[in-house]
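Engineer: Structure below; questions to follow.
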Amino acid sequence: MSLKDSKGEVIFVGAGPGDPELITVKGSRALERADRVIYAGSLVNPELLGICRKGTPVHDSAHLTLEEVVTLMTEGTMRGETIVRLHTGDPSMYGAVKEQFDYLDKQNIAYSVIPGVSSVFAAAAAIRQEFTLPGISQTLILTRLAGRTPVPEREALSKLAKHQASMAIFLSVQDMGSVVEALLEGGYPASTPIAVISKASWPEEEIILGTLETIEEKVKQAGVRKQAQILVGDFLDPANGYARSKLYDPTFTHEYRQGSKP
Ligand code: SAH
């Protein structure tokens with residue numbers, strides 16, 4: 001049998017941020033019918049594996065190389081298996097999925113992607129805030145500090161900070177000092193509010209609120225070193241004086257509603 005004859009498929013599933021109820025219905029159904037699961041054990045809540053049929057083989061990809069992961073996929077799909085590749089949050093953010101897609105394309109193995117709730121949105125939910133406030137910011141920048149994986153120079157945090165848009169910074173809480181420095185260098189005032197949400201939606205969720213002046217010390221005190229979102233921008237400040245929405249303004253006419261005279 002050649003690879004082209006493989007009858008199985010790989011389904012990439014966004015596991016959501018942690019709370020097992022935050023996987024999508026579609027993702028959950030894929031897990032239910034999976035013949036094999038490869039999950040990112042460092043971040044995915046293992047409770048989700050309880051959705052699988054009893055005895056389904058599961059592999060923690062934290063211990064595997066890309067080559068080992070794709071070998072499992074090739075061999076499994078050759079046997080006709082449906083393999084779920086479970087990634088934390090949404091697979092399209094820092095998921096290292098593209099290299100898997102490219103491999104599967106080359107091997108002519110069928111695959112699809114089911115999105116998930118990214119931790120960036122679980123973090124906003126945890127602190128009950130909105131990134132896009134009229135008059136404050138209509139843009140959310142999702143980014144990270146350069147680490148062992150480099151970030152293109154044109155996307156340096158200090159450069160993105162110049163926009164003063166709402167920002168969510170992944171993979172960076174271990175170096176709060178550099179985050180704060182880059183944000184200040186980019187022009188955010190020291191009084192800018194900033195929130196660190198660790199393990200959003202998990203029972204251990206922790207919320208640390210401060211300003212660019214105070215946050216580094218607070219995060220150090222709390223001992224948060226990983227799995228946290230850093231949210232920054234004036235959308236966090238209750239006193240920022242945002243404008244109310246046009247959409248729900250009684251005087252504003254749009255496709256679905258006739259506004260009254262002001
Ligand atoms: N694809 C994932 C991100 C993977 S990169 C997503 O969409 O959320 C891993 C980074 O995501 C972590 O360093 C952290 O910044 C963030 N992260 C993942 N889960 C998190 C959670 N429950 N709470 C806060 N941040 C989280």
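Each chain in the structure tokens gets a letter, A, B, ..., in the order shown, and its residues are numbered from 1; ligands are numbered from 1 in order too.
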Compile the contact shell of range 135-148 of chain A as number ranges by chain: residues with an atom at most 7 Å away, counting only C-alpha atoms, same-chain residues fewer than 3 positions apart removed.

Structural biologist: A: 131-132, 151, 157, 165-172, 234-235, 242-243

Engineer: In range 69-115 of chain A, what's strand (DSSP E or B) per DSSP? Answer as a tab-separated table (two decimals) with all heavy atoms, in the first residue's frame?

Structural biologist:
chain	number	residue	atom	x	y	z
A	82	THR	N	-8.26	7.64	12.61
A	82	THR	CA	-8.51	9.08	12.77
A	82	THR	C	-7.67	9.52	13.96
A	82	THR	O	-7.86	9.02	15.08
A	82	THR	CB	-10.00	9.35	13.05
A	82	THR	OG1	-10.73	8.97	11.89
A	82	THR	CG2	-10.26	10.82	13.36
A	83	ILE	N	-6.73	10.40	13.70
A	83	ILE	CA	-5.82	10.83	14.75
A	83	ILE	C	-6.14	12.27	15.14
A	83	ILE	O	-6.22	13.15	14.27
A	83	ILE	CB	-4.35	10.75	14.27
A	83	ILE	CG1	-4.03	9.29	13.92
A	83	ILE	CG2	-3.40	11.31	15.32
A	83	ILE	CD1	-2.60	9.06	13.50
A	84	VAL	N	-6.35	12.51	16.41
A	84	VAL	CA	-6.55	13.90	16.87
A	84	VAL	C	-5.22	14.43	17.41
A	84	VAL	O	-4.58	13.80	18.25
A	84	VAL	CB	-7.66	14.01	17.94
A	84	VAL	CG1	-7.60	15.37	18.64
A	84	VAL	CG2	-9.03	13.84	17.28
A	85	ARG	N	-4.83	15.57	16.87
A	85	ARG	CA	-3.64	16.27	17.36
A	85	ARG	C	-4.16	17.45	18.16
A	85	ARG	O	-4.71	18.42	17.60
A	85	ARG	CB	-2.81	16.74	16.15
A	85	ARG	CG	-1.60	17.57	16.54
A	85	ARG	CD	-0.56	16.71	17.23
A	85	ARG	NE	0.70	17.40	17.38
A	85	ARG	CZ	1.20	17.78	18.56
A	85	ARG	NH1	0.53	17.57	19.69
A	85	ARG	NH2	2.37	18.37	18.62
A	86	LEU	N	-4.02	17.34	19.48
A	86	LEU	CA	-4.65	18.30	20.38
A	86	LEU	C	-3.65	19.38	20.80
A	86	LEU	O	-2.63	19.06	21.44
A	86	LEU	CB	-5.14	17.52	21.60
A	86	LEU	CG	-6.18	18.13	22.52
A	86	LEU	CD1	-7.42	18.58	21.77
A	86	LEU	CD2	-6.55	17.13	23.62
A	87	HIS	N	-3.95	20.61	20.40
A	87	HIS	CA	-3.06	21.74	20.72
A	87	HIS	C	-3.74	22.68	21.70
A	87	HIS	O	-4.96	22.89	21.63
A	87	HIS	CB	-2.72	22.52	19.45
A	87	HIS	CG	-1.65	21.89	18.63
A	87	HIS	ND1	-0.31	22.06	18.91
A	87	HIS	CD2	-1.71	21.08	17.55
A	87	HIS	CE1	0.41	21.39	18.03
A	87	HIS	NE2	-0.41	20.78	17.19
A	89	GLY	N	-5.17	26.03	23.49
A	89	GLY	CA	-5.79	27.26	22.99
A	89	GLY	C	-6.29	27.06	21.58
A	89	GLY	O	-7.00	26.09	21.28
A	110	ALA	N	-4.71	13.27	4.57
A	110	ALA	CA	-5.79	14.23	4.76
A	110	ALA	C	-5.76	14.80	6.18
A	110	ALA	O	-5.53	14.06	7.14
A	110	ALA	CB	-7.13	13.55	4.51
A	111	TYR	N	-6.01	16.10	6.30
A	111	TYR	CA	-6.09	16.69	7.63
A	111	TYR	C	-7.03	17.89	7.61
A	111	TYR	O	-7.30	18.48	6.56
A	111	TYR	CB	-4.70	17.11	8.15
A	111	TYR	CG	-4.04	18.19	7.36
A	111	TYR	CD1	-4.19	19.53	7.72
A	111	TYR	CD2	-3.28	17.89	6.24
A	111	TYR	CE1	-3.58	20.53	6.99
A	111	TYR	CE2	-2.67	18.89	5.50
A	111	TYR	CZ	-2.82	20.21	5.87
A	111	TYR	OH	-2.23	21.20	5.14
A	112	SER	N	-7.54	18.23	8.79
A	112	SER	CA	-8.37	19.42	8.93
A	112	SER	C	-8.09	20.05	10.29
A	112	SER	O	-7.40	19.44	11.13
A	112	SER	CB	-9.86	19.05	8.81
A	112	SER	OG	-10.18	18.07	9.76
A	113	VAL	N	-8.61	21.24	10.49
A	113	VAL	CA	-8.31	21.98	11.73
A	113	VAL	C	-9.62	22.44	12.37
A	113	VAL	O	-10.48	23.01	11.70
A	113	VAL	CB	-7.44	23.23	11.43
A	113	VAL	CG1	-7.04	23.92	12.73
A	113	VAL	CG2	-6.20	22.86	10.62
A	114	ILE	N	-9.77	22.18	13.64
A	114	ILE	CA	-10.91	22.69	14.40
A	114	ILE	C	-10.37	23.74	15.37
A	114	ILE	O	-9.52	23.44	16.20
A	114	ILE	CB	-11.61	21.54	15.18
A	114	ILE	CG1	-12.13	20.48	14.19
A	114	ILE	CG2	-12.75	22.10	16.04
A	114	ILE	CD1	-12.71	19.24	14.86

Engineer: Can you tell me, as JSON, numbers by chain, what residues are no more than 9 Å from Lys159 in chain A when counting only C-alpha atoms, ignoring any on the same chain fewer than 4 positions away?

Structural biologist: {"A": [153, 154, 155, 163, 182, 183, 185, 186]}

Engineer: Can you tell me which residues sit at most 10 Å away from ligand 1, counting only C-alpha atoms and all ligand atoms, written as an mmCIF file with N, CA and C atoms, in the first residue's frame?

Structural biologist:
data_model
loop_
_atom_site.group_PDB
_atom_site.id
_atom_site.type_symbol
_atom_site.label_atom_id
_atom_site.label_comp_id
_atom_site.auth_asym_id
_atom_site.auth_seq_id
_atom_site.Cartn_x
_atom_site.Cartn_y
_atom_site.Cartn_z
ATOM 1 N N GLY A 14 -8.144 22.550 18.573
ATOM 2 C CA GLY A 14 -7.809 23.513 19.619
ATOM 3 C C GLY A 14 -8.463 23.058 20.913
ATOM 4 N N ALA A 15 -7.647 22.814 21.932
ATOM 5 C CA ALA A 15 -8.159 22.258 23.194
ATOM 6 C C ALA A 15 -8.782 23.328 24.075
ATOM 7 N N GLY A 16 -8.561 24.613 23.719
ATOM 8 C CA GLY A 16 -8.991 25.682 24.611
ATOM 9 C C GLY A 16 -7.930 25.929 25.666
ATOM 10 N N PRO A 17 -8.185 26.902 26.543
ATOM 11 C CA PRO A 17 -7.149 27.391 27.456
ATOM 12 C C PRO A 17 -6.884 26.522 28.689
ATOM 13 N N GLY A 18 -7.753 25.565 28.978
ATOM 14 C CA GLY A 18 -7.516 24.745 30.173
ATOM 15 C C GLY A 18 -8.787 24.117 30.706
ATOM 16 N N ASP A 19 -9.771 24.964 31.013
ATOM 17 C CA ASP A 19 -11.059 24.445 31.472
ATOM 18 C C ASP A 19 -11.587 23.455 30.430
ATOM 19 N N ALA A 40 -0.450 18.029 23.399
ATOM 20 C CA ALA A 40 0.660 18.829 23.922
ATOM 21 C C ALA A 40 0.560 18.832 25.442
ATOM 22 N N SER A 42 2.361 19.626 27.876
ATOM 23 C CA SER A 42 2.853 20.690 28.749
ATOM 24 C C SER A 42 1.753 21.705 29.050
ATOM 25 N N LEU A 43 0.750 21.815 28.196
ATOM 26 C CA LEU A 43 -0.265 22.854 28.381
ATOM 27 C C LEU A 43 -1.707 22.366 28.315
ATOM 28 N N VAL A 44 -1.945 21.282 27.599
ATOM 29 C CA VAL A 44 -3.326 20.808 27.443
ATOM 30 C C VAL A 44 -3.777 20.134 28.741
ATOM 31 N N ASN A 45 -5.008 20.421 29.162
ATOM 32 C CA ASN A 45 -5.537 19.790 30.376
ATOM 33 C C ASN A 45 -5.789 18.295 30.114
ATOM 34 N N HIS A 87 -3.950 20.612 20.402
ATOM 35 C CA HIS A 87 -3.062 21.737 20.721
ATOM 36 C C HIS A 87 -3.740 22.677 21.699
ATOM 37 N N THR A 88 -2.965 23.327 22.548
ATOM 38 C CA THR A 88 -3.555 24.219 23.534
ATOM 39 C C THR A 88 -4.151 25.485 22.884
ATOM 40 N N GLY A 89 -5.171 26.027 23.486
ATOM 41 C CA GLY A 89 -5.792 27.260 22.990
ATOM 42 C C GLY A 89 -6.287 27.064 21.579
ATOM 43 N N ASP A 90 -5.891 27.975 20.690
ATOM 44 C CA ASP A 90 -6.155 27.804 19.260
ATOM 45 C C ASP A 90 -4.847 27.389 18.587
ATOM 46 N N PRO A 91 -4.917 26.412 17.683
ATOM 47 C CA PRO A 91 -3.679 25.902 17.086
ATOM 48 C C PRO A 91 -2.903 26.947 16.281
ATOM 49 N N SER A 92 -3.566 28.000 15.814
ATOM 50 C CA SER A 92 -2.879 28.928 14.910
ATOM 51 C C SER A 92 -1.974 29.924 15.624
ATOM 52 N N MET A 93 -2.014 29.962 16.957
ATOM 53 C CA MET A 93 -1.107 30.859 17.685
ATOM 54 C C MET A 93 -0.021 30.035 18.371
ATOM 55 N N TYR A 94 1.205 30.183 17.911
ATOM 56 C CA TYR A 94 2.361 29.500 18.507
ATOM 57 C C TYR A 94 2.114 27.989 18.659
ATOM 58 N N GLY A 95 1.452 27.423 17.681
ATOM 59 C CA GLY A 95 1.098 26.005 17.766
ATOM 60 C C GLY A 95 2.101 25.084 17.088
ATOM 61 N N ALA A 96 3.046 25.654 16.326
ATOM 62 C CA ALA A 96 3.980 24.832 15.526
ATOM 63 C C ALA A 96 3.201 23.817 14.686
ATOM 64 N N VAL A 97 2.102 24.275 14.093
ATOM 65 C CA VAL A 97 1.279 23.361 13.291
ATOM 66 C C VAL A 97 1.668 23.382 11.814
ATOM 67 N N PRO A 115 -10.845 24.986 15.228
ATOM 68 C CA PRO A 115 -10.267 26.040 16.073
ATOM 69 C C PRO A 115 -10.598 25.869 17.555
ATOM 70 N N GLY A 116 -9.930 26.655 18.370
ATOM 71 C CA GLY A 116 -10.170 26.572 19.814
ATOM 72 C C GLY A 116 -10.188 27.954 20.443
ATOM 73 N N VAL A 117 -10.568 28.014 21.685
ATOM 74 C CA VAL A 117 -10.577 29.286 22.430
ATOM 75 C C VAL A 117 -9.143 29.574 22.871
ATOM 76 N N SER A 118 -8.570 30.617 22.322
ATOM 77 C CA SER A 118 -7.195 30.949 22.693
ATOM 78 C C SER A 118 -7.139 31.476 24.131
ATOM 79 N N SER A 119 -5.998 31.259 24.758
ATOM 80 C CA SER A 119 -5.806 31.757 26.122
ATOM 81 C C SER A 119 -5.924 33.276 26.175
ATOM 82 N N VAL A 120 -5.709 33.941 25.038
ATOM 83 C CA VAL A 120 -5.823 35.401 25.062
ATOM 84 C C VAL A 120 -7.266 35.805 25.402
ATOM 85 N N PHE A 121 -8.225 35.033 24.918
ATOM 86 C CA PHE A 121 -9.628 35.371 25.190
ATOM 87 C C PHE A 121 -10.070 34.856 26.563
ATOM 88 N N ALA A 122 -9.480 33.765 27.002
ATOM 89 C CA ALA A 122 -9.777 33.310 28.365
ATOM 90 C C ALA A 122 -9.230 34.325 29.374
ATOM 91 N N ALA A 123 -8.107 34.951 29.034
ATOM 92 C CA ALA A 123 -7.510 35.941 29.936
ATOM 93 C C ALA A 123 -8.401 37.178 30.029
ATOM 94 N N ALA A 124 -8.911 37.637 28.866
ATOM 95 C CA ALA A 124 -9.815 38.804 28.878
ATOM 96 C C ALA A 124 -11.080 38.485 29.666
ATOM 97 N N ALA A 126 -11.327 36.346 32.130
ATOM 98 C CA ALA A 126 -10.999 36.245 33.557
ATOM 99 C C ALA A 126 -11.072 37.604 34.232
ATOM 100 N N THR A 143 1.365 39.155 20.442
ATOM 101 C CA THR A 143 2.791 39.037 20.176
ATOM 102 C C THR A 143 3.514 38.330 21.319
ATOM 103 N N ARG A 144 4.832 38.344 21.253
ATOM 104 C CA ARG A 144 5.665 37.731 22.291
ATOM 105 C C ARG A 144 7.012 38.440 22.307
ATOM 106 N N ALA A 168 -1.675 41.790 23.759
ATOM 107 C CA ALA A 168 -1.613 40.545 24.524
ATOM 108 C C ALA A 168 -0.264 39.910 24.219
ATOM 109 N N ILE A 169 0.490 39.661 25.259
ATOM 110 C CA ILE A 169 1.858 39.167 25.075
ATOM 111 C C ILE A 169 1.942 37.736 25.614
ATOM 112 N N PHE A 170 2.188 36.806 24.713
ATOM 113 C CA PHE A 170 2.310 35.382 25.048
ATOM 114 C C PHE A 170 3.770 35.074 25.435
ATOM 115 N N LEU A 171 3.987 33.939 26.055
ATOM 116 C CA LEU A 171 5.306 33.305 26.163
ATOM 117 C C LEU A 171 6.400 34.202 26.744
ATOM 118 N N SER A 172 6.041 35.163 27.562
ATOM 119 C CA SER A 172 7.032 36.160 27.959
ATOM 120 C C SER A 172 7.096 36.472 29.448
ATOM 121 N N VAL A 173 6.227 35.860 30.259
ATOM 122 C CA VAL A 173 6.128 36.286 31.663
ATOM 123 C C VAL A 173 7.418 35.987 32.446
ATOM 124 N N GLN A 174 8.207 35.046 31.950
ATOM 125 C CA GLN A 174 9.463 34.724 32.639
ATOM 126 C C GLN A 174 10.456 35.878 32.574
ATOM 127 N N VAL A 196 -1.514 40.508 34.383
ATOM 128 C CA VAL A 196 -0.915 39.206 34.113
ATOM 129 C C VAL A 196 -1.910 38.160 34.587
ATOM 130 N N ILE A 197 -2.333 37.308 33.672
ATOM 131 C CA ILE A 197 -3.303 36.273 34.027
ATOM 132 C C ILE A 197 -2.625 34.925 33.830
ATOM 133 N N SER A 198 -2.421 34.259 34.939
ATOM 134 C CA SER A 198 -1.721 32.977 34.893
ATOM 135 C C SER A 198 -2.751 31.855 34.935
ATOM 136 N N LYS A 199 -2.557 30.868 34.090
ATOM 137 C CA LYS A 199 -3.442 29.698 34.014
ATOM 138 C C LYS A 199 -4.922 30.088 33.928
ATOM 139 N N ALA A 200 -5.219 30.995 33.012
ATOM 140 C CA ALA A 200 -6.601 31.446 32.812
ATOM 141 C C ALA A 200 -7.502 30.241 32.592
ATOM 142 N N SER A 201 -8.608 30.226 33.281
ATOM 143 C CA SER A 201 -9.672 29.210 33.203
ATOM 144 C C SER A 201 -9.343 27.898 33.924
ATOM 145 N N TRP A 202 -8.138 27.775 34.488
ATOM 146 C CA TRP A 202 -7.801 26.597 35.310
ATOM 147 C C TRP A 202 -8.221 26.893 36.760
ATOM 148 N N PRO A 203 -8.371 25.874 37.584
ATOM 149 C CA PRO A 203 -8.695 26.149 38.998
ATOM 150 C C PRO A 203 -7.624 27.026 39.663
ATOM 151 N N GLU A 204 -6.374 26.913 39.207
ATOM 152 C CA GLU A 204 -5.275 27.686 39.806
ATOM 153 C C GLU A 204 -5.133 29.082 39.209
ATOM 154 N N GLU A 205 -6.089 29.514 38.408
ATOM 155 C CA GLU A 205 -5.994 30.830 37.759
ATOM 156 C C GLU A 205 -5.594 31.926 38.753
ATOM 157 N N GLU A 206 -4.694 32.797 38.301
ATOM 158 C CA GLU A 206 -4.247 33.892 39.161
ATOM 159 C C GLU A 206 -4.233 35.184 38.354
ATOM 160 N N ILE A 207 -4.729 36.246 38.961
ATOM 161 C CA ILE A 207 -4.802 37.535 38.261
ATOM 162 C C ILE A 207 -3.948 38.543 39.012
ATOM 163 N N ARG A 225 5.961 32.244 36.634
ATOM 164 C CA ARG A 225 7.102 32.141 35.712
ATOM 165 C C ARG A 225 6.698 31.618 34.339
ATOM 166 N N LYS A 226 5.489 31.057 34.246
ATOM 167 C CA LYS A 226 5.094 30.539 32.934
ATOM 168 C C LYS A 226 3.572 30.464 32.819
ATOM 169 N N GLN A 227 3.134 30.079 31.619
ATOM 170 C CA GLN A 227 1.709 29.928 31.312
ATOM 171 C C GLN A 227 0.874 31.116 31.769
ATOM 172 N N ALA A 228 1.282 32.286 31.301
ATOM 173 C CA ALA A 228 0.516 33.491 31.640
ATOM 174 C C ALA A 228 0.391 34.395 30.429
ATOM 175 N N GLN A 229 -0.721 35.098 30.372
ATOM 176 C CA GLN A 229 -0.932 36.135 29.376
ATOM 177 C C GLN A 229 -0.604 37.473 30.027
ATOM 178 N N ILE A 230 0.049 38.325 29.267
ATOM 179 C CA ILE A 230 0.295 39.687 29.737
ATOM 180 C C ILE A 230 -0.556 40.601 28.855
#

Engineer: May I ask for the distance between CA of Val10 in chain A and CA of Leu104 in chain A, given in Å to one decimal place?

Structural biologist: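 These two atoms are separated by 8.7 Å.
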
Engineer: Which polymer residues have any atom within 12 Å of an atom of Val180 in chain A, counting only C-alpha atoms, with same-chain residues fewer than 4 positions away left out, as a PyMOL selection string?

Structural biologist: chain A and resi 145+157-158+161+169+172-176+184-195+210-217+219+230-232

Engineer: Restrict the selected residues to N, CA and C atoms and save them as a short mmCIF file (atom, residue, chain, number, x, y, z; two decimals), in the first residue's frame.

Structural biologist:
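Once written, again-v3.cif looks like this:
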data_model
loop_
_atom_site.label_atom_id
_atom_site.label_comp_id
_atom_site.auth_asym_id
_atom_site.auth_seq_id
_atom_site.Cartn_x
_atom_site.Cartn_y
_atom_site.Cartn_z
N LEU A 145 7.75 38.23 23.38
CA LEU A 145 9.14 38.68 23.42
C LEU A 145 9.97 37.69 22.64
N LEU A 157 8.99 44.27 20.46
CA LEU A 157 7.92 44.74 21.35
C LEU A 157 7.92 46.27 21.46
N SER A 158 9.11 46.87 21.52
CA SER A 158 9.19 48.33 21.66
C SER A 158 8.60 49.01 20.42
N ALA A 161 4.82 48.63 20.52
CA ALA A 161 4.28 49.45 21.61
C ALA A 161 3.98 50.87 21.14
N ILE A 169 0.49 39.66 25.26
CA ILE A 169 1.86 39.17 25.07
C ILE A 169 1.94 37.74 25.61
N SER A 172 6.04 35.16 27.56
CA SER A 172 7.03 36.16 27.96
C SER A 172 7.10 36.47 29.45
N VAL A 173 6.23 35.86 30.26
CA VAL A 173 6.13 36.29 31.66
C VAL A 173 7.42 35.99 32.45
N GLN A 174 8.21 35.05 31.95
CA GLN A 174 9.46 34.72 32.64
C GLN A 174 10.46 35.88 32.57
N ASP A 175 10.18 36.86 31.71
CA ASP A 175 11.10 38.00 31.59
C ASP A 175 10.31 39.32 31.63
N MET A 176 9.59 39.51 32.74
CA MET A 176 8.75 40.70 32.87
C MET A 176 9.58 41.98 32.77
N LEU A 184 7.88 50.55 27.85
CA LEU A 184 8.22 51.95 28.20
C LEU A 184 9.01 52.60 27.06
N GLU A 185 9.94 51.85 26.52
CA GLU A 185 10.76 52.38 25.42
C GLU A 185 9.87 52.74 24.23
N GLY A 186 8.83 51.96 24.03
CA GLY A 186 7.91 52.21 22.92
C GLY A 186 6.99 53.38 23.16
N GLY A 187 6.95 53.89 24.38
CA GLY A 187 6.19 55.11 24.62
C GLY A 187 4.98 54.98 25.51
N TYR A 188 4.70 53.77 26.03
CA TYR A 188 3.60 53.69 27.00
C TYR A 188 4.03 54.43 28.27
N PRO A 189 3.18 55.29 28.82
CA PRO A 189 3.53 55.93 30.10
C PRO A 189 3.65 54.89 31.21
N ALA A 190 4.45 55.19 32.23
CA ALA A 190 4.66 54.25 33.34
C ALA A 190 3.36 53.93 34.07
N SER A 191 2.37 54.82 33.94
CA SER A 191 1.09 54.60 34.63
C SER A 191 0.16 53.67 33.84
N THR A 192 0.59 53.19 32.68
CA THR A 192 -0.29 52.34 31.85
C THR A 192 -0.65 51.06 32.61
N PRO A 193 -1.95 50.73 32.63
CA PRO A 193 -2.35 49.50 33.32
C PRO A 193 -1.91 48.24 32.58
N ILE A 194 -1.60 47.22 33.34
CA ILE A 194 -1.15 45.96 32.77
C ILE A 194 -1.67 44.82 33.67
N ALA A 195 -2.04 43.73 33.04
CA ALA A 195 -2.58 42.59 33.80
C ALA A 195 -1.82 41.33 33.40
N GLY A 210 -1.65 45.68 37.76
CA GLY A 210 -0.72 46.72 38.18
C GLY A 210 -0.55 47.74 37.08
N THR A 211 0.56 48.46 37.17
CA THR A 211 0.93 49.41 36.11
C THR A 211 2.32 49.00 35.64
N LEU A 212 2.80 49.66 34.61
CA LEU A 212 4.15 49.33 34.13
C LEU A 212 5.19 49.58 35.24
N GLU A 213 4.83 50.42 36.18
CA GLU A 213 5.75 50.71 37.28
C GLU A 213 5.78 49.57 38.31
N THR A 214 4.63 48.96 38.54
CA THR A 214 4.53 48.02 39.69
C THR A 214 4.52 46.55 39.30
N ILE A 215 4.28 46.24 38.05
CA ILE A 215 3.93 44.85 37.71
C ILE A 215 5.09 43.86 37.89
N GLU A 216 6.30 44.29 37.59
CA GLU A 216 7.42 43.35 37.64
C GLU A 216 7.57 42.78 39.06
N GLU A 217 7.51 43.69 40.03
CA GLU A 217 7.65 43.28 41.43
C GLU A 217 6.49 42.37 41.84
N VAL A 219 4.63 40.41 40.00
CA VAL A 219 4.73 39.09 39.36
C VAL A 219 5.81 38.27 40.06
N ILE A 230 0.05 38.32 29.27
CA ILE A 230 0.30 39.69 29.74
C ILE A 230 -0.56 40.60 28.86
N LEU A 231 -1.51 41.27 29.46
CA LEU A 231 -2.37 42.18 28.70
C LEU A 231 -2.03 43.61 29.10
N VAL A 232 -1.92 44.47 28.09
CA VAL A 232 -1.53 45.84 28.40
C VAL A 232 -2.30 46.82 27.53
#

Engineer: Looking at only C-alpha atoms, which of A:Lys261, A:Leu49, A:Glu181, A:Val69 is the one that sits closest to Pro20 in chain A?

Structural biologist: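 For Pro20 in chain A, the nearest of the candidates is A:Leu49.
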
Engineer: Which one is closest to Ala62 in chain A: A:Gly41, A:Arg79, A:Arg257, A:Gly50? Count only C-alpha atoms.

Structural biologist: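 Distance minimum relative to Ala62 in chain A lands on A:Gly41.
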
Engineer: Pull the alpha helix (DSSP H) assignments for range 27-194 of chain A out of DSSP run on the backbone, and list those residues as a PyMOL selection string.

Structural biologist: chain A and resi 27-33+66-78+98-106+119-126+157-161+176-185
